[in-house]
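See below for the structure under consideration.
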Amino acid sequence: MKTLIVYFSQFGNTRRLAEAMAEALSRAGDAHAVGVEQLASSDFEGIDLVVMGSPTHAFSLPPAVRSVLETLPLAILGGKSVAAFDTTVKPWPLRHLRASPKLLGHLSRLGGNPVARPQTFFVQTKYPQKTGEINLLLDGELERAQEWAGSLAEQSGI
Ligand SMILES: Cc1cc2nc3c(=O)[nH]c(=O)nc-3n(C[C@H](O)[C@H](O)[C@H](O)COP(=O)(O)O)c2cc1C
């Protein structure tokens, strides 16, 4: 099975999760993670499972993610399994105000076949004052991400 994990990450946490998932999925075949800024349409060639992750910004997708999704050719994910995750601040209760349901909607619109419900991984702070990489992940989230990624391989049935 070949997996591509596409992520956007301002402070490094979504990237850390994406890389942990790639490590877990590489046990089931070829898997690698790529930042959305570096994504090319050709990256999807030969891929069986596409996982996409983004932070929740303003209850939704950051503009950088939405603009990339809106410019990808329709049906580019035809025949591929897809799954989506986000990073969101822990106390935020409402699922529909997170990025991952919107992300999965875009992946479906592009022809993908969802193999799991949108998944959220939690960070502790909404707006860190500093810039650069900051570890905001709650304890255990990297491990939970690896378990979730492993379950995607099973659900894809490839
Ligand atoms: C501009 C901005 C808007 C944000 N809006 C939300 C929000 O609506 N809900 C939420 O739970 N977290 C919000 N956050 C916190 C982000 O979800 C958090 O910074 C992100 O998950 C960290 O992931 P990263 O390190 O990959 O950037 C916001 C952060 C920024 C910078």
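Numbering starts fresh at 1 for the residues of each chain in the structure tokens, the chains themselves are lettered A, B, ... in the order given, and ligands are numbered from 1 as they appear.
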Please identify every polymer residue within 8 Å of ligand 1, using only C-alpha atoms and all ligand atoms, and present the set as an mmCIF file with N, CA and C atoms, in the first residue's frame.
data_model
loop_
_atom_site.group_PDB
_atom_site.id
_atom_site.type_symbol
_atom_site.label_atom_id
_atom_site.label_comp_id
_atom_site.auth_asym_id
_atom_site.auth_seq_id
_atom_site.Cartn_x
_atom_site.Cartn_y
_atom_site.Cartn_z
ATOM 1 N N PHE A 8 -0.575 20.775 6.674
ATOM 2 C CA PHE A 8 -0.187 22.167 6.871
ATOM 3 C C PHE A 8 0.076 22.330 8.357
ATOM 4 N N SER A 9 1.091 23.113 8.708
ATOM 5 C CA SER A 9 1.435 23.252 10.121
ATOM 6 C C SER A 9 2.121 24.581 10.353
ATOM 7 N N GLN A 10 1.532 25.426 11.195
ATOM 8 C CA GLN A 10 2.161 26.717 11.491
ATOM 9 C C GLN A 10 3.217 26.587 12.588
ATOM 10 N N PHE A 11 2.929 25.805 13.622
ATOM 11 C CA PHE A 11 3.835 25.719 14.774
ATOM 12 C C PHE A 11 4.516 24.353 14.902
ATOM 13 N N GLY A 12 4.280 23.437 13.955
ATOM 14 C CA GLY A 12 4.999 22.161 13.922
ATOM 15 C C GLY A 12 4.242 20.961 14.454
ATOM 16 N N ASN A 13 3.098 21.191 15.086
ATOM 17 C CA ASN A 13 2.408 20.066 15.739
ATOM 18 C C ASN A 13 1.691 19.152 14.746
ATOM 19 N N THR A 14 1.029 19.728 13.773
ATOM 20 C CA THR A 14 0.355 18.903 12.761
ATOM 21 C C THR A 14 1.407 18.146 11.944
ATOM 22 N N ARG A 15 2.544 18.802 11.697
ATOM 23 C CA ARG A 15 3.630 18.111 10.990
ATOM 24 C C ARG A 15 4.145 16.932 11.819
ATOM 25 N N ARG A 16 4.303 17.139 13.110
ATOM 26 C CA ARG A 16 4.806 16.061 13.973
ATOM 27 C C ARG A 16 3.852 14.850 13.919
ATOM 28 N N SER A 54 -4.611 19.254 9.105
ATOM 29 C CA SER A 54 -4.515 20.714 9.185
ATOM 30 C C SER A 54 -4.875 21.172 10.594
ATOM 31 N N PRO A 55 -4.292 22.279 11.037
ATOM 32 C CA PRO A 55 -4.795 22.885 12.265
ATOM 33 C C PRO A 55 -6.187 23.486 12.019
ATOM 34 N N THR A 56 -6.987 23.552 13.057
ATOM 35 C CA THR A 56 -8.220 24.341 12.977
ATOM 36 C C THR A 56 -7.842 25.803 13.167
ATOM 37 N N HIS A 57 -8.222 26.633 12.212
ATOM 38 C CA HIS A 57 -8.036 28.091 12.325
ATOM 39 C C HIS A 57 -9.394 28.737 12.155
ATOM 40 N N ALA A 58 -9.779 29.580 13.084
ATOM 41 C CA ALA A 58 -11.063 30.300 13.013
ATOM 42 C C ALA A 58 -12.207 29.319 12.726
ATOM 43 N N PHE A 59 -12.214 28.212 13.478
ATOM 44 C CA PHE A 59 -13.272 27.190 13.399
ATOM 45 C C PHE A 59 -13.298 26.466 12.054
ATOM 46 N N SER A 60 -12.259 26.577 11.248
ATOM 47 C CA SER A 60 -12.318 26.020 9.897
ATOM 48 C C SER A 60 -10.913 25.726 9.382
ATOM 49 N N PRO A 62 -7.392 26.720 7.472
ATOM 50 C CA PRO A 62 -6.585 27.894 7.148
ATOM 51 C C PRO A 62 -6.665 28.189 5.648
ATOM 52 N N ASP A 86 -7.368 16.874 12.147
ATOM 53 C CA ASP A 86 -6.985 18.249 12.488
ATOM 54 C C ASP A 86 -6.330 18.280 13.855
ATOM 55 N N THR A 87 -5.730 19.444 14.155
ATOM 56 C CA THR A 87 -5.307 19.751 15.518
ATOM 57 C C THR A 87 -6.168 20.917 15.987
ATOM 58 N N THR A 88 -6.692 20.770 17.195
ATOM 59 C CA THR A 88 -7.666 21.717 17.752
ATOM 60 C C THR A 88 -7.386 21.845 19.236
ATOM 61 N N VAL A 89 -7.734 22.999 19.788
ATOM 62 C CA VAL A 89 -7.534 23.203 21.229
ATOM 63 C C VAL A 89 -8.488 22.308 22.017
ATOM 64 N N LYS A 90 -7.980 21.684 23.066
ATOM 65 C CA LYS A 90 -8.702 20.642 23.790
ATOM 66 C C LYS A 90 -10.130 21.014 24.236
ATOM 67 N N PRO A 91 -10.335 22.171 24.864
ATOM 68 C CA PRO A 91 -11.678 22.364 25.422
ATOM 69 C C PRO A 91 -12.750 22.660 24.391
ATOM 70 N N TRP A 92 -12.347 22.832 23.112
ATOM 71 C CA TRP A 92 -13.351 23.229 22.133
ATOM 72 C C TRP A 92 -14.316 22.073 21.880
ATOM 73 N N LEU A 97 -17.063 22.611 14.245
ATOM 74 C CA LEU A 97 -16.229 23.814 14.193
ATOM 75 C C LEU A 97 -14.741 23.469 14.169
ATOM 76 N N ARG A 98 -14.441 22.271 13.706
ATOM 77 C CA ARG A 98 -13.045 21.832 13.546
ATOM 78 C C ARG A 98 -12.728 21.705 12.055
ATOM 79 N N PHE A 122 -5.389 16.800 19.935
ATOM 80 C CA PHE A 122 -5.544 18.003 20.741
ATOM 81 C C PHE A 122 -4.228 18.685 21.099
ATOM 82 N N VAL A 123 -4.295 20.015 21.040
ATOM 83 C CA VAL A 123 -3.190 20.864 21.500
ATOM 84 C C VAL A 123 -3.684 21.648 22.720
ATOM 85 N N THR A 125 -2.855 25.022 23.641
ATOM 86 C CA THR A 125 -2.953 26.488 23.622
ATOM 87 C C THR A 125 -3.443 26.961 22.274
ATOM 88 N N LYS A 126 -4.268 27.960 22.284
ATOM 89 C CA LYS A 126 -4.820 28.425 21.020
ATOM 90 C C LYS A 126 -3.845 29.311 20.242
ATOM 91 N N TYR A 127 -3.336 30.348 20.859
ATOM 92 C CA TYR A 127 -2.483 31.301 20.155
ATOM 93 C C TYR A 127 -1.153 31.464 20.889
ATOM 94 N N PRO A 128 -0.159 30.613 20.590
ATOM 95 C CA PRO A 128 1.136 30.795 21.242
ATOM 96 C C PRO A 128 1.699 32.176 20.896
ATOM 97 N N GLU A 133 8.688 26.669 15.865
ATOM 98 C CA GLU A 133 8.156 25.374 16.302
ATOM 99 C C GLU A 133 7.907 25.365 17.806
ATOM 100 N N ILE A 134 6.716 24.999 18.200
ATOM 101 C CA ILE A 134 6.382 24.946 19.623
ATOM 102 C C ILE A 134 5.598 23.665 19.872
ATOM 103 N N ASN A 135 6.029 22.889 20.844
ATOM 104 C CA ASN A 135 5.295 21.650 21.132
ATOM 105 C C ASN A 135 4.059 21.954 21.978
ATOM 106 N N LEU A 136 2.907 21.841 21.339
ATOM 107 C CA LEU A 136 1.645 22.116 22.023
ATOM 108 C C LEU A 136 0.829 20.845 22.241
#
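Taking range 10-145 of chain A and asking which residues DSSP calls strand (DSSP E) on the backbone, you get A:Asp30, A:Ala31, A:His32, A:Ala33, A:Val34, A:Gly35, A:Leu49, A:Val50, A:Val51, A:Met52, A:Gly53, A:Ser54, A:Pro55, A:Ser81, A:Val82, A:Ala83, A:Ala84, A:Phe85, A:Asp86, A:Thr87, A:Thr88, A:Val89, A:Asn113, A:Pro114, A:Gln119, A:Thr120, A:Phe121, A:Phe122, A:Val123.
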Selection export as an mmCIF file, in the first residue's frame, atoms kept: C-alpha atoms:
data_model
loop_
_atom_site.group_PDB
_atom_site.id
_atom_site.type_symbol
_atom_site.label_atom_id
_atom_site.label_comp_id
_atom_site.auth_asym_id
_atom_site.auth_seq_id
_atom_site.Cartn_x
_atom_site.Cartn_y
_atom_site.Cartn_z
ATOM 1 C CA ASP A 30 5.425 2.953 1.357
ATOM 2 C CA ALA A 31 4.381 6.101 3.263
ATOM 3 C CA HIS A 32 5.658 9.637 3.375
ATOM 4 C CA ALA A 33 4.518 13.057 4.565
ATOM 5 C CA VAL A 34 4.654 16.270 2.516
ATOM 6 C CA GLY A 35 3.833 19.854 3.435
ATOM 7 C CA LEU A 49 -4.407 6.196 0.607
ATOM 8 C CA VAL A 50 -4.304 9.972 1.025
ATOM 9 C CA VAL A 51 -4.379 11.344 4.582
ATOM 10 C CA MET A 52 -4.588 15.096 5.053
ATOM 11 C CA GLY A 53 -4.086 17.071 8.244
ATOM 12 C CA SER A 54 -4.515 20.714 9.185
ATOM 13 C CA PRO A 55 -4.795 22.885 12.265
ATOM 14 C CA SER A 81 -8.971 5.969 -0.011
ATOM 15 C CA VAL A 82 -8.928 9.215 1.965
ATOM 16 C CA ALA A 83 -8.935 10.309 5.609
ATOM 17 C CA ALA A 84 -8.594 13.664 7.367
ATOM 18 C CA PHE A 85 -7.426 14.937 10.750
ATOM 19 C CA ASP A 86 -6.985 18.249 12.488
ATOM 20 C CA THR A 87 -5.307 19.751 15.518
ATOM 21 C CA THR A 88 -7.666 21.717 17.752
ATOM 22 C CA VAL A 89 -7.534 23.203 21.229
ATOM 23 C CA ASN A 113 -13.418 7.447 -0.795
ATOM 24 C CA PRO A 114 -13.445 8.186 2.986
ATOM 25 C CA GLN A 119 -10.209 12.732 13.564
ATOM 26 C CA THR A 120 -9.048 15.446 15.974
ATOM 27 C CA PHE A 121 -5.781 15.536 17.902
ATOM 28 C CA PHE A 122 -5.544 18.003 20.741
ATOM 29 C CA VAL A 123 -3.190 20.864 21.500
#
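Taking CA of Leu107 in chain A as the reference point, CA of Gln155 in chain A is found at 16.8 Å.
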(Q) Between A:Val36, A:Ala99, A:Leu94, A:Ala149, which residue has the minimum interatomic distance to Val68 in chain A, considering only C-alpha atoms? (A)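 Ranked by minimum distance to Val68 in chain A, first place goes to A:Val36.
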(Q) Give me, as an MDAnalysis selection string, the residues of chain A that a backbone DSSP run labels helix (DSSP H, G or I). (A) chainID A and resid 13:28 36:38 41:44 63:71 95:97 99:109 141:156
Q. Distance CA of Ser41 in chain A-CA of Val115 in chain A, one decimal place?
A.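 Between CA of Ser41 in chain A and CA of Val115 in chain A the gap works out to 21.5 Å.
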Q. By how many Å are CA of Leu137 in chain A and CA of Gln124 in chain A apart?
A.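 Here the two named atoms are 6.4 Å from each other.
Considering the residues A:Ala28, A:Leu69, A:Lys2, A:Glu19 and counting only C-alpha atoms, Ala40 in chain A has its shortest atom-to-atom contact with A:Leu69.
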I'd like the neighbourhood of Glu147 in chain A as an mmCIF file with C-alpha atoms, in the first residue's frame, where a residue qualifies if any of its atoms comes within 8 Å (using only C-alpha atoms), though same-chain residues fewer than 4 positions away should be ignored.
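Saved result, result07.cif, follows:
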data_model
loop_
_atom_site.group_PDB
_atom_site.id
_atom_site.type_symbol
_atom_site.label_atom_id
_atom_site.label_comp_id
_atom_site.auth_asym_id
_atom_site.auth_seq_id
_atom_site.Cartn_x
_atom_site.Cartn_y
_atom_site.Cartn_z
ATOM 1 C CA ALA A 24 3.284 3.872 11.456
ATOM 2 C CA GLU A 143 0.827 7.529 20.007
ATOM 3 C CA SER A 151 -6.363 1.474 11.585
#
Q. Between A:Leu110, A:Ala116, A:Ile5, A:Leu74, which is the closest to Ser156 in chain A once you count only C-alpha atoms?
A.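 When distances to Ser156 in chain A are compared using only C-alpha atoms, the smallest one comes from A:Ala116.
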For Gly112 in chain A, please output as a short mmCIF file (atom, residue, chain, number, x, y, z; two decimals) with C-alpha atoms, in the first residue's frame all residues within 8 Å (counting only C-alpha atoms; exclusion window: fewer than 6 positions along the same chain).
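Once written, part-v2.cif looks like this:
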data_model
loop_
_atom_site.label_atom_id
_atom_site.label_comp_id
_atom_site.auth_asym_id
_atom_site.auth_seq_id
_atom_site.Cartn_x
_atom_site.Cartn_y
_atom_site.Cartn_z
CA ALA A 75 -11.34 13.64 -9.67
CA LEU A 77 -8.44 11.43 -5.86
CA GLY A 78 -10.74 9.11 -7.84
CA GLY A 79 -10.32 5.48 -6.69
CA LYS A 80 -8.18 6.45 -3.69
CA SER A 81 -8.97 5.97 -0.01
CA VAL A 82 -8.93 9.21 1.96
#
